[in-house]
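Here's the structure we're looking at; comments come further down.
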Amino acid sequence: MLSLFLFALLASAAQRSAVDALIVDGLQVGFYGQSCPEAEATISDIVNNEIAMDRGISPGLIRLFFHDCFITGCDASILLDESPAGDVPEKESSANGFTLVGLRTIDIAKSTLESMCPRTVSCADILAFAARDAAVAAGLPSYDVAAGRRDGMRSNMDDLPGNFPVPGHHVPRLTELFSQRGLSQEDMVVLSGAHSIGGAHCFMFSNRIYGFSEEADVDPSLDPEFAARLRQVCPPRNPDDDPQQAPKVKFDSQTGEKLDSAYYSELLARRGLLTSDNALIEDPQTRAMVEAFAGDDAMWQQKFAEAMQRVGMLDVLIGEGKGQVRKQCRLVNGQEQQQQPQLPWFRHQQRLPWSRQRRPRRPFPHHPVADLINGFFRGFH
Ligand code: HEM
């Protein structure tokens, strides 16, 4: 009798721990299993289709997810075109703007899911699934994405300065910013490995290849051959240049479409594109991590997947009382009726009821090139 009781107790404990493993900080793997069983597969199909048409979507989605979660948590605030409070949204910050890639993919996924299961799958979850699918499409072994996030209702570009890493940052500042978000220094180094795919516009690193200092035109920490190649691709900066026309250079010129640890080997070869990339080999602690990851692709991939799962937990909104499930990822519910997209904003004279304090909206992107470049190199201090 006693042994039967003990057996039942052990069996129920085992069952509970299997379930607990699926529920992480209130999010749940398989969250849409009942309410929208095809959600994850549909998102994956859409992401893969989009990537088949444009490889650049893959890095774009991973970056979009990181930029969303790092500021006010994974609440899809980066996707909002408008903030009901009248704030200029995150999207228009100089850290985002036209450099964001993948927004259209999220729109396609959302409208498809709305037709399948209306008001069920949040934009924040779509972004988390899409980032995973993008990473897998770039060669990362798949990982579980716990879901159940709800969408936020505000977005303000003023939340970025002082809270967001920029290309001019060095390890102490990067570590500080990540630790403010509950992420370790190792997470920072591991996640920076996302720079194994995609690239950066010339103005993000042109301070390293032109007029670096009074003594050296080119950053001496760069491999000279690599610097010469960068100078061929990137002409000297001119304040009149349209930043949107700036060339984009791949972070990893060797295996730039594969999410692998070659990024770290490139850093050790002094071919890191951004100051913040190169900084990882200048600090003894982070250099040791770079060396370890450079030599062990499988270990880095495993750590990257785990770090992405941790990013996906940042300040999530969970439960009916928090946030909402948006109908459109670009607008908070209720805004879509009030918005008249056929009218350009400069002709849209009357005040909208939800935006008494609304600042006048200029054509996107509204930052002059100098703001964009200065914002990055001054590091929003
Ligand atoms: C550590 C601090 C970081 C800094 C300073 C930084 C900065 C940048 C910059 C300046 C670009 C170039 C954007 C452009 O010119 O279009 C970029 C691209 C990118 N970043 Fe980061 N980043 C950081 C960390 C991360 C993290 C943690 C992730 C993801 C987990 C990430 C993912 C990416 C990806 C995938 C791209 C390529 C985007 C594309 O090609 O469209 N970055 N990053």
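Residue numbers start at 1 in each chain; chains themselves are named A, B, ... in the order of the structure tokens; ligands are numbered from 1 in the order shown.
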
message: I want to know what sits within 12 Å of A:Gly152, based on only C-alpha atoms, with residues of the same chain fewer than 2 positions away left out; could you give that as an MDAnalysis selection string?
response: chainID A and resid 68:69 71:80 83:84 122:125 149:150 154:156 315:318 321:326 329:333

Legend entry - Close residues to ligand 1 using only C-alpha atoms and all ligand atoms, limit 8 Å, as JSON, numbers by chain: {"A": [56, 57, 58, 59, 60, 61, 62, 63, 64, 65, 66, 67, 95, 98, 99, 100, 101, 165, 166, 167, 168, 169, 174, 188, 189, 190, 191, 192, 193, 194, 195, 196, 197, 198, 199, 200, 201, 202, 203, 204, 205, 248, 250, 251, 274, 276, 277, 308, 376]}

How would the residues just picked look written out with C-alpha atoms as a PDB file, in the first residue's frame?
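Resulting contents of selection35.pdb:
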ATOM      1  CA  GLY A  56      18.464  40.197 -45.209  1.00  0.00           C
ATOM      2  CA  ILE A  57      15.153  39.498 -43.451  1.00  0.00           C
ATOM      3  CA  SER A  58      16.851  36.941 -41.227  1.00  0.00           C
ATOM      4  CA  PRO A  59      19.268  39.291 -39.434  1.00  0.00           C
ATOM      5  CA  GLY A  60      16.595  42.001 -39.549  1.00  0.00           C
ATOM      6  CA  LEU A  61      14.120  39.952 -37.494  1.00  0.00           C
ATOM      7  CA  ILE A  62      16.686  38.947 -34.888  1.00  0.00           C
ATOM      8  CA  ARG A  63      17.705  42.557 -34.435  1.00  0.00           C
ATOM      9  CA  LEU A  64      14.075  43.733 -34.312  1.00  0.00           C
ATOM     10  CA  PHE A  65      13.371  41.287 -31.482  1.00  0.00           C
ATOM     11  CA  PHE A  66      16.427  42.403 -29.510  1.00  0.00           C
ATOM     12  CA  HIS A  67      15.602  46.091 -29.989  1.00  0.00           C
ATOM     13  CA  ALA A  95      19.046  53.519 -33.257  1.00  0.00           C
ATOM     14  CA  PHE A  98      15.215  53.095 -41.639  1.00  0.00           C
ATOM     15  CA  THR A  99      17.759  50.544 -40.435  1.00  0.00           C
ATOM     16  CA  LEU A 100      14.971  48.303 -39.099  1.00  0.00           C
ATOM     17  CA  VAL A 101      14.399  45.335 -41.374  1.00  0.00           C
ATOM     18  CA  PRO A 165      23.867  50.122 -26.570  1.00  0.00           C
ATOM     19  CA  VAL A 166      25.383  52.015 -29.463  1.00  0.00           C
ATOM     20  CA  PRO A 167      28.367  51.263 -31.726  1.00  0.00           C
ATOM     21  CA  GLY A 168      30.708  53.597 -29.828  1.00  0.00           C
ATOM     22  CA  HIS A 169      30.338  51.780 -26.501  1.00  0.00           C
ATOM     23  CA  LEU A 174      27.875  47.534 -22.579  1.00  0.00           C
ATOM     24  CA  MET A 188      26.203  40.365 -23.880  1.00  0.00           C
ATOM     25  CA  VAL A 189      29.163  38.636 -25.528  1.00  0.00           C
ATOM     26  CA  VAL A 190      27.048  35.671 -26.647  1.00  0.00           C
ATOM     27  CA  LEU A 191      24.272  37.847 -28.086  1.00  0.00           C
ATOM     28  CA  SER A 192      26.731  40.116 -29.875  1.00  0.00           C
ATOM     29  CA  GLY A 193      27.450  37.000 -31.926  1.00  0.00           C
ATOM     30  CA  ALA A 194      24.223  37.837 -33.781  1.00  0.00           C
ATOM     31  CA  HIS A 195      26.613  40.061 -35.720  1.00  0.00           C
ATOM     32  CA  SER A 196      27.664  36.873 -37.418  1.00  0.00           C
ATOM     33  CA  ILE A 197      24.925  37.667 -39.952  1.00  0.00           C
ATOM     34  CA  GLY A 198      23.722  40.890 -41.529  1.00  0.00           C
ATOM     35  CA  GLY A 199      25.716  44.055 -41.689  1.00  0.00           C
ATOM     36  CA  ALA A 200      26.134  47.687 -40.773  1.00  0.00           C
ATOM     37  CA  HIS A 201      25.821  50.891 -42.773  1.00  0.00           C
ATOM     38  CA  CYS A 202      29.095  52.699 -43.365  1.00  0.00           C
ATOM     39  CA  PHE A 203      28.152  55.608 -41.104  1.00  0.00           C
ATOM     40  CA  MET A 204      27.999  53.215 -38.148  1.00  0.00           C
ATOM     41  CA  PHE A 205      31.770  52.715 -38.237  1.00  0.00           C
ATOM     42  CA  LYS A 248      25.961  48.314 -45.933  1.00  0.00           C
ATOM     43  CA  LYS A 250      28.615  42.482 -43.895  1.00  0.00           C
ATOM     44  CA  PHE A 251      29.822  41.897 -40.347  1.00  0.00           C
ATOM     45  CA  LEU A 274      31.914  48.320 -34.896  1.00  0.00           C
ATOM     46  CA  SER A 276      31.578  47.807 -29.721  1.00  0.00           C
ATOM     47  CA  ASP A 277      32.469  44.574 -31.556  1.00  0.00           C
ATOM     48  CA  MET A 308      17.649  34.558 -26.853  1.00  0.00           C
ATOM     49  CA  PHE A 376      25.484  56.879 -32.428  1.00  0.00           C
TER      50      PHE A 376
END

- request: For atom CA of A:Ile126 and atom CA of A:Pro161, determine how far apart the two atoms are, in Å to one decimal place.
  value: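 Calculated distance between atom CA of A:Ile126 and atom CA of A:Pro161 is 26.3 Å.
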
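Going from atom CA of A:Gly86 to atom CA of A:Leu314 covers 24.7 Å.
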
Please, what distance in Å, to one decimal, runs between atom CA of A:Val145 and atom CA of A:Tyr32?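 Separating atom CA of A:Val145 from atom CA of A:Tyr32 is a distance of 11.4 Å.
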
Using only C-alpha atoms, the best pick from A:Asn163, A:Ser94, A:Thr120, A:Thr105 as closest to A:Asp151 would be A:Thr120

Using DSSP on the backbone, list every residue of stretch 27-200 of chain A that comes out as strand (DSSP E), and give them as a list in words.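 Here is the list: Leu27, Gln28, Gly199 and Ala200 of chain A.
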
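When the distance limit is 8 Å and only C-alpha atoms are what count, the residues near stretch 45-50 of chain A, minus those fewer than 5 positions from it on the same chain, are Ile57, Thr105, Ile108, Ala109, Ala130, Asp133, Ala134 and Ala137 of chain A.
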
Helix (DSSP H, G or I) positions in stretch 206-287 of chain A, given as a ChimeraX atom specification: /A:206-208,224-233,243-245,262-268,275-282,284-287

Exercise. Measuring atom to atom with only C-alpha atoms, identify which of A:Ser253, A:Ser179, A:Gln302, A:Ser261 is nearest to A:Phe226.
Key: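 So, comparing all the options, the nearest one is A:Ser253.
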
If you count only C-alpha atoms, the residue of A:Arg237, A:Lys110, A:Arg229, A:Arg287 closest to A:Val171 turns out to be A:Arg287
